[in-house]
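Enquirer: Contents of input17.cif (mmCIF, C-alpha atoms) are below:
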```cif
data_coords
#
loop_
_atom_site.label_atom_id
_atom_site.label_comp_id
_atom_site.auth_asym_id
_atom_site.auth_seq_id
_atom_site.Cartn_x
_atom_site.Cartn_y
_atom_site.Cartn_z
CA MET N 153 123.43 109.48 45.44
CA SER N 154 123.59 112.16 48.16
CA ALA N 155 122.72 115.71 47.14
CA ASP N 156 125.64 116.98 49.20
CA ALA N 157 128.18 114.55 47.72
CA PRO N 158 127.82 114.02 43.98
CA ASP N 159 129.25 110.79 42.65
CA GLY N 160 132.93 111.29 41.90
CA GLY N 161 133.01 108.47 39.32
CA ASP N 162 133.22 110.74 36.27
CA PRO N 163 134.97 114.06 35.56
CA ALA N 164 131.76 116.10 35.44
CA ALA N 165 130.58 114.79 38.82
CA GLU N 166 133.99 115.43 40.37
CA ARG N 167 133.93 118.95 38.93
CA HIS N 168 130.46 119.46 40.43
CA ARG N 169 131.75 118.38 43.82
CA ARG N 170 134.64 120.82 43.65
CA ILE N 171 132.40 123.65 42.41
CA LEU N 172 130.12 123.09 45.41
CA ALA N 173 133.08 123.20 47.78
CA LEU N 174 134.31 126.46 46.24
CA ALA N 175 130.84 128.02 46.38
CA ARG N 176 130.36 127.07 50.02
CA GLY N 177 133.75 128.50 50.91
CA ALA N 178 133.35 131.82 49.08
CA GLY N 179 129.57 132.20 48.98
CA ARG N 180 129.68 132.80 45.22
CA VAL N 181 131.40 131.41 42.11
CA THR N 182 131.74 132.91 38.64
CA VAL N 183 131.70 131.22 35.24
CA ASP N 184 134.97 132.82 34.11
CA ASP N 185 136.91 131.88 37.24
CA LEU N 186 135.64 128.30 37.18
CA ALA N 187 136.39 127.89 33.48
CA ALA N 188 139.98 129.02 34.07
CA ARG N 189 140.38 126.87 37.17
CA PHE N 190 139.11 123.66 35.53
CA GLU N 191 140.46 124.43 32.05
CA VAL N 192 137.10 123.93 30.37
CA THR N 193 134.89 126.23 28.32
CA PRO N 194 132.50 128.73 29.90
CA GLN N 195 129.66 126.78 28.20
CA THR N 196 130.68 123.66 30.13
CA ILE N 197 130.66 125.56 33.42
CA ARG N 198 127.25 127.06 32.65
CA ARG N 199 125.91 123.53 32.11
CA ASP N 200 127.51 122.43 35.40
CA LEU N 201 125.91 125.31 37.29
CA ASN N 202 122.55 124.63 35.70
CA VAL N 203 122.74 121.00 36.82
CA LEU N 204 123.59 122.03 40.39
CA ALA N 205 120.80 124.63 40.35
CA ARG N 206 118.24 122.05 39.21
CA ARG N 207 119.30 119.92 42.17
CA ALA N 208 118.80 122.95 44.46
CA LEU N 209 122.46 122.93 45.52
CA LEU N 210 123.22 126.37 44.05
CA SER N 211 121.20 129.30 42.72
CA ARG N 212 122.12 130.81 39.37
CA VAL N 213 122.86 134.51 39.16
CA HIS N 214 124.25 136.60 36.32
CA GLY N 215 127.76 135.38 35.56
CA GLY N 216 127.81 132.54 38.08
CA ALA N 217 126.00 131.06 41.08
CA ILE N 218 125.50 131.53 44.82
CA VAL N 219 124.82 129.06 47.61
CA THR N 220 121.21 129.91 48.44
CA SER N 221 117.88 130.61 46.79
CA GLY N 222 116.01 133.89 46.63
CA VAL N 223 113.25 132.71 48.97
CA ASP N 224 114.89 130.66 51.74
CA ASN N 225 118.17 131.34 53.48
CA LEU N 226 120.69 128.70 54.50
CA ALA N 227 120.43 127.37 58.03
CA TYR N 228 122.35 129.62 60.42
CA ALA N 229 124.96 127.01 61.31
CA LYS N 230 125.72 126.44 57.63
CA ARG N 231 125.97 130.19 56.99
CA ARG N 232 128.82 130.34 59.49
CA GLY N 233 130.83 128.14 57.13
CA VAL N 234 130.27 130.34 54.05
CA ALA N 235 132.91 132.93 53.07
CA THR N 236 134.72 132.64 56.39
CA GLY N 237 137.88 134.36 55.14
CA ALA N 238 135.89 137.28 53.76
CA LYS N 239 133.94 137.64 57.00
CA ALA N 240 137.14 137.66 59.06
CA ALA N 241 138.59 140.46 56.91
CA ILE N 242 135.33 142.42 57.07
CA GLY N 243 135.21 141.90 60.84
CA ALA N 244 138.64 143.41 61.34
CA ALA N 245 137.95 146.38 59.05
CA ALA N 246 134.57 147.18 60.63
CA ALA N 247 135.89 146.84 64.19
CA ALA N 248 138.57 149.40 63.35
CA LEU N 249 135.79 151.96 62.72
CA ILE N 250 134.46 151.61 66.28
CA PRO N 251 136.31 153.74 68.85
CA ASN N 252 136.89 152.87 72.46
CA GLY N 253 134.15 154.25 74.67
CA ALA N 254 131.40 153.79 72.07
CA SER N 255 127.89 152.46 72.53
CA LEU N 256 126.60 150.18 69.80
CA PHE N 257 123.88 147.87 68.61
CA ILE N 258 124.87 144.57 66.97
CA ASN N 259 122.12 142.69 65.16
CA ILE N 260 121.78 139.08 64.07
CA GLY N 261 124.11 137.69 61.40
CA THR N 262 127.25 135.66 60.95
CA THR N 263 129.12 138.68 59.55
CA THR N 264 128.16 140.87 62.49
CA GLU N 265 129.39 138.06 64.75
CA ALA N 266 132.73 138.23 62.94
CA VAL N 267 132.93 141.94 63.80
CA ALA N 268 132.02 141.24 67.43
CA GLY N 269 134.89 138.78 67.63
CA GLN N 270 137.27 141.62 66.74
CA LEU N 271 135.99 143.91 69.51
CA VAL N 272 137.42 141.98 72.45
CA ALA N 273 140.47 144.26 72.71
CA HIS N 274 138.34 147.43 72.78
CA ARG N 275 137.81 149.33 76.03
CA ASP N 276 134.73 150.88 77.61
CA LEU N 277 132.22 149.61 75.08
CA LEU N 278 128.49 149.32 75.69
CA VAL N 279 127.14 146.58 73.41
CA ILE N 280 123.38 146.09 73.06
CA SER N 281 122.43 143.08 70.98
CA ASN N 282 119.50 140.95 69.93
CA ASN N 283 122.01 138.32 68.85
CA LEU N 284 122.54 135.86 71.70
CA ASN N 285 125.57 134.46 69.88
CA VAL N 286 127.22 137.88 70.15
CA ILE N 287 126.38 138.06 73.86
CA ASP N 288 128.03 134.66 74.40
CA LEU N 289 131.04 135.71 72.34
CA LEU N 290 131.67 138.92 74.32
CA ASP N 291 130.63 137.72 77.77
CA GLY N 292 133.45 137.83 80.28
CA HIS N 293 135.64 140.33 78.41
CA ASP N 294 136.79 143.25 80.53
CA GLY N 295 135.94 146.63 79.11
CA ILE N 296 132.70 145.52 77.43
CA GLU N 297 129.36 146.05 79.13
CA LEU N 298 126.60 143.91 77.63
CA VAL N 299 122.86 144.53 77.41
CA VAL N 300 120.63 141.75 76.04
CA VAL N 301 117.57 142.84 74.06
CA GLY N 302 114.40 141.38 75.57
CA GLY N 303 111.76 139.59 73.55
CA GLN N 304 110.99 136.38 71.70
CA VAL N 305 113.99 134.16 70.90
CA ARG N 306 113.98 132.64 67.42
CA ARG N 307 115.45 129.18 67.92
CA GLY N 308 117.03 128.75 64.50
CA ASP N 309 119.61 131.50 64.96
CA ARG N 310 119.08 132.75 68.56
CA ALA N 311 117.89 136.17 67.43
CA VAL N 312 115.60 138.13 69.72
CA VAL N 313 112.78 139.51 67.56
CA GLY N 314 109.23 140.83 67.75
CA ALA N 315 107.40 143.85 69.17
CA LEU N 316 108.97 143.54 72.64
CA ALA N 317 112.45 143.61 71.11
CA MET N 318 111.65 146.73 69.10
CA ARG N 319 110.24 148.56 72.13
CA PHE N 320 113.35 147.59 74.12
CA ILE N 321 115.68 148.92 71.40
CA GLU N 322 113.76 152.20 71.22
CA SER N 323 114.80 152.86 74.84
CA PHE N 324 118.35 153.56 73.60
CA LYS N 325 120.15 155.99 71.31
CA VAL N 326 123.62 154.65 70.54
CA ASP N 327 126.70 155.81 68.69
CA VAL N 328 126.89 152.97 66.16
CA ALA N 329 124.54 150.37 64.71
CA LEU N 330 126.33 147.38 63.25
CA ILE N 331 124.00 145.60 60.83
CA GLY N 332 124.12 142.96 58.13
CA ALA N 333 121.84 142.10 55.22
CA SER N 334 121.12 138.88 53.37
CA ALA N 335 121.19 140.62 50.00
CA ILE N 336 121.90 143.98 48.41
CA ASP N 337 120.55 144.97 45.01
CA PRO N 338 122.73 146.89 42.55
CA ASP N 339 120.32 149.84 42.98
CA GLY N 340 121.16 149.98 46.69
CA SER N 341 118.13 148.18 48.15
CA LEU N 342 118.97 146.19 51.30
CA LEU N 343 117.05 142.91 51.48
CA ASP N 344 116.46 140.03 53.87
CA PHE N 345 114.43 136.84 54.25
CA ALA N 346 112.50 137.31 57.50
CA ALA N 347 110.07 140.18 58.13
CA ASP N 348 110.48 140.01 61.92
CA GLU N 349 114.25 140.34 61.57
CA VAL N 350 113.88 143.26 59.15
CA GLN N 351 111.69 145.18 61.59
CA VAL N 352 114.29 144.85 64.32
CA THR N 353 117.08 145.93 61.94
CA GLN N 354 115.09 149.02 60.93
CA THR N 355 114.54 149.91 64.60
CA ILE N 356 118.23 149.47 65.35
CA ALA N 357 119.24 151.75 62.46
CA ARG N 358 116.75 154.47 63.46
CA ASN N 359 118.14 154.60 66.98
CA ALA N 360 121.83 155.00 66.12
CA ARG N 361 123.83 158.05 65.15
CA GLN N 362 125.87 156.08 62.63
CA VAL N 363 125.17 152.84 60.74
CA ILE N 364 127.82 150.38 59.55
CA LEU N 365 126.62 147.76 57.05
CA VAL N 366 128.78 144.63 56.73
CA VAL N 367 128.21 142.36 53.69
CA ASP N 368 130.49 139.96 51.85
CA ALA N 369 130.53 139.89 48.06
CA SER N 370 128.19 136.89 47.84
CA LYS N 371 125.33 139.14 49.05
CA VAL N 372 125.68 141.58 46.13
CA GLY N 373 123.07 140.94 43.45
CA ARG N 374 121.48 138.14 45.43
CA ALA N 375 117.68 137.91 45.69
CA ALA N 376 115.71 138.10 48.96
CA PRO N 377 112.04 139.01 49.35
CA VAL N 378 111.85 141.53 52.24
CA ARG N 379 113.10 145.10 51.95
CA VAL N 380 115.16 146.41 54.89
CA GLY N 381 115.72 149.86 53.40
CA ARG N 382 118.07 151.70 51.08
CA LEU N 383 121.61 152.94 51.26
CA ASP N 384 120.48 156.30 52.60
CA MET N 385 120.21 154.61 56.02
CA VAL N 386 123.91 153.61 55.92
CA ASP N 387 127.08 155.60 56.65
CA TYR N 388 129.71 152.90 55.99
CA LEU N 389 129.57 149.77 53.82
CA VAL N 390 132.31 147.28 54.63
CA THR N 391 132.81 144.44 52.15
CA ASP N 392 135.58 142.20 50.83
CA GLN N 393 135.64 142.80 47.06
CA PRO N 394 135.15 145.75 44.69
CA LEU N 395 131.49 146.66 44.23
CA PRO N 396 129.88 146.55 40.77
CA GLY N 397 129.60 149.92 39.06
CA GLU N 398 125.87 150.53 39.61
CA LEU N 399 126.08 149.78 43.33
CA LEU N 400 129.22 151.86 43.74
CA ARG N 401 127.45 154.79 42.07
CA ALA N 402 124.50 154.34 44.44
CA CYS N 403 126.93 154.45 47.39
CA HIS N 404 128.43 157.69 46.11
CA GLU N 405 124.98 159.16 45.52
CA HIS N 406 123.98 158.47 49.13
CA ARG N 407 127.40 159.46 50.53
CA VAL N 408 128.13 156.00 51.85
CA GLN N 409 131.82 155.44 52.55
CA VAL N 410 132.86 152.09 51.07
CA ILE N 411 135.64 150.12 52.76
CA GLU N 412 137.02 147.12 50.90
CA ALA N 413 138.59 144.72 53.38
CA GLY N 414 140.01 142.55 50.62
#
```
For the file at hand, write its structure as structure tokens.
Expert:
Amino acid sequence: MSADAPDGGDPAAERHRRILALARGAGRVTVDDLAARFEVTPQTIRRDLNVLARRALLSRVHGGAIVTSGVDNLAYAKRRGVATGAKAAIGAAAAALIPNGASLFINIGTTTEAVAGQLVAHRDLLVISNNLNVIDLLDGHDGIELVVVGGQVRRGDRAVVGALAMRFIESFKVDVALIGASAIDPDGSLLDFAADEVQVTQTIARNARQVILVVDASKVGRAAPVRVGRLDMVDYLVTDQPLPGELLRACHEHRVQVIEAG
């Protein structure tokens, strides 16, 4: 039996298959929503999620499950297929914060790519990016000048990382840094999986006058091992669903403006 396609021969297996599809589409599923959707008890859904977690198809979190573990991230190509609707909404809302004539950094991430895709109608932008996917996406659009960060290219996601990349970024001081994160703790800690990526993100944030963080709801409460920083490095947080109370309080404490794309 394939791990990606549970046997549909019994109701539980079919439910598992559908739960996986929902999780991969939204990035996160909750016990209460699944119980209502499938008209079963929350206890049944918890057992389903535990089965899928034991098979390493989902990771359990409080109240539900997410699509990745706390140690390894999904492959970049697969991450593009997670929470696509949320990322599109976040992309439009974040792009609306960026005025014509601005200079900006855009770092690696599928959500930052979604924002880049919404910038094509802007005028007189200077975009500096270590994300070769963003460069490809914006190449050829009038009104956008592109600068590619120099350094080592990480093949898995086409991010430019390392000491050369950080020195290159430090040559600039831009209006806006557009960053993502793999996870955000309720206390406001921003987390990621790769130390080399984190160092570049920190350098980008230090060399911008304003920082916009874009994260979909599946990143909230998720585990990742490397600390990027805290909310005091962020001016705007753009997401797709209401934030939990503790995280919302942390945003208020650090004067982060929260925009819910919805």
Enquirer: Between N:Val380, N:Ala246, N:Leu330, N:Ile258, which one has atoms that come closest to Gln270 in chain N, using all atoms listed in the file?
Expert: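 The answer is N:Ala246, which sits nearest to Gln270 in chain N.
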Enquirer: Distance CA of Arg198 in chain N-CA of Glu398 in chain N, one decimal place?
Expert: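 A separation of 24.5 Å between them.
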Enquirer: In Å, with one decimal, what is the gap from CA of His214 in chain N to CA of Asp185 in chain N?
Expert: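 For CA of His214 in chain N relative to CA of Asp185 in chain N, the distance reads 13.5 Å.
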Enquirer: Find the residues with any atom within 6 Å of (124.1, 135.0, 49.1); use all atoms listed in the file and the coordinates as given in the file, and write the answer as a list of chain:residue names.
Expert: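 Every polymer residue passing the test: N:Ile218, N:Thr220, N:Ser370, N:Lys371, N:Arg374.
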Enquirer: Which one is closest to Val267 in chain N: N:Ile364, N:Ala254, N:Val299, N:Val386? Count all atoms listed in the file.
Expert: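 Ranked by minimum distance to Val267 in chain N, first place goes to N:Ile364.
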Enquirer: Could you pull the residues within 10 Å of range 171-182 of chain N, counting all atoms listed in the file, minus those fewer than 2 positions along the same chain, as a PyMOL selection string?
Expert: chain N and resi 156-158+165-169+184-187+190+194+197-198+200-201+204+209-220+230-231+233-239+368-372+374
Enquirer: One decimal, in Å: what's the spacing between CA of Val312 in chain N and CA of Asn282 in chain N?
Expert: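 It comes out at 4.8 Å.
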Enquirer: Report as a ChimeraX atom specification the residues that result from applying the PyMOL selection byres ((chain N and resi 344-346) around 9) to the structure here.
Expert: /N:222-225,333-336,342-343,347-351,375-380
Enquirer: Measuring between only C-alpha atoms, which one of N:Leu316, N:Leu277, N:Val390, N:Val366 shows the shortest distance to Gly332 in chain N?
Expert: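 Going through N:Leu316, N:Leu277, N:Val390, N:Val366 one by one, the smallest distance to Gly332 in chain N is for N:Val366.
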Enquirer: Smallest atom-to-atom distance to Asn252 in chain N: which of N:Leu399, N:Ala329, N:Leu278, N:Leu284, using all atoms listed in the file?
Expert: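 Distance minimum relative to Asn252 in chain N lands on N:Leu278.
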Enquirer: Would you kindly translate the PyMOL selection byres ((chain N and resi 325) around 8) into the concrete residues it picks from this file, as a list of chain:residue names?
Expert: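 So the PyMOL selection byres ((chain N and resi 325) around 8) ends up selecting N:Glu322, N:Ser323, N:Phe324, N:Val326, N:Asp327, N:Asn359, N:Ala360, N:Arg361.
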Enquirer: How would you write as a count of residues only the residues that get within 9 Å of (109.5, 139.1, 72.9) in the file's frame, counting only C-alpha atoms?
Expert: 12
Enquirer: Compare N:Asp339, N:Ile331, N:Ile280, N:Gly253 by their minimum atom-to-atom distance to Gln354 in chain N, counting all atoms listed in the file, and give me the closest one.
Expert: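 Between N:Asp339, N:Ile331, N:Ile280, N:Gly253, the residue approaching Gln354 in chain N most closely is N:Ile331.
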Enquirer: Using all atoms listed in the file, pick whichever of N:Asp162, N:Arg207, N:Ile242, N:Gln195 has the shortest atom-to-atom distance to Thr263 in chain N.
Expert: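 For Thr263 in chain N, the nearest of the candidates is N:Ile242.
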Enquirer: What's around Asp276 in chain N at 12 Å? Count all atoms listed in the file, leave out sequence neighbours fewer than 4 positions away in its own chain, and write the answer as a list in words.
Expert: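 My list of contacting residues is Ile250, Pro251, Asn252, Gly253, Ala254, Ser255, Leu256, Leu271, Val272, His293, Asp294, Gly295, Ile296, Glu297 and Leu298 of chain N.
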Enquirer: Contacts of Leu395 in chain N at 10 Å or less, counting all atoms listed in the file, minus same-chain residues fewer than 4 places along, as a list in words?
Expert: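 In the requested form, the answer reads Pro338, Ala369, Val372, Thr391, Leu399, Leu400, Arg401, Cys403, Val410 and Glu412 of chain N.
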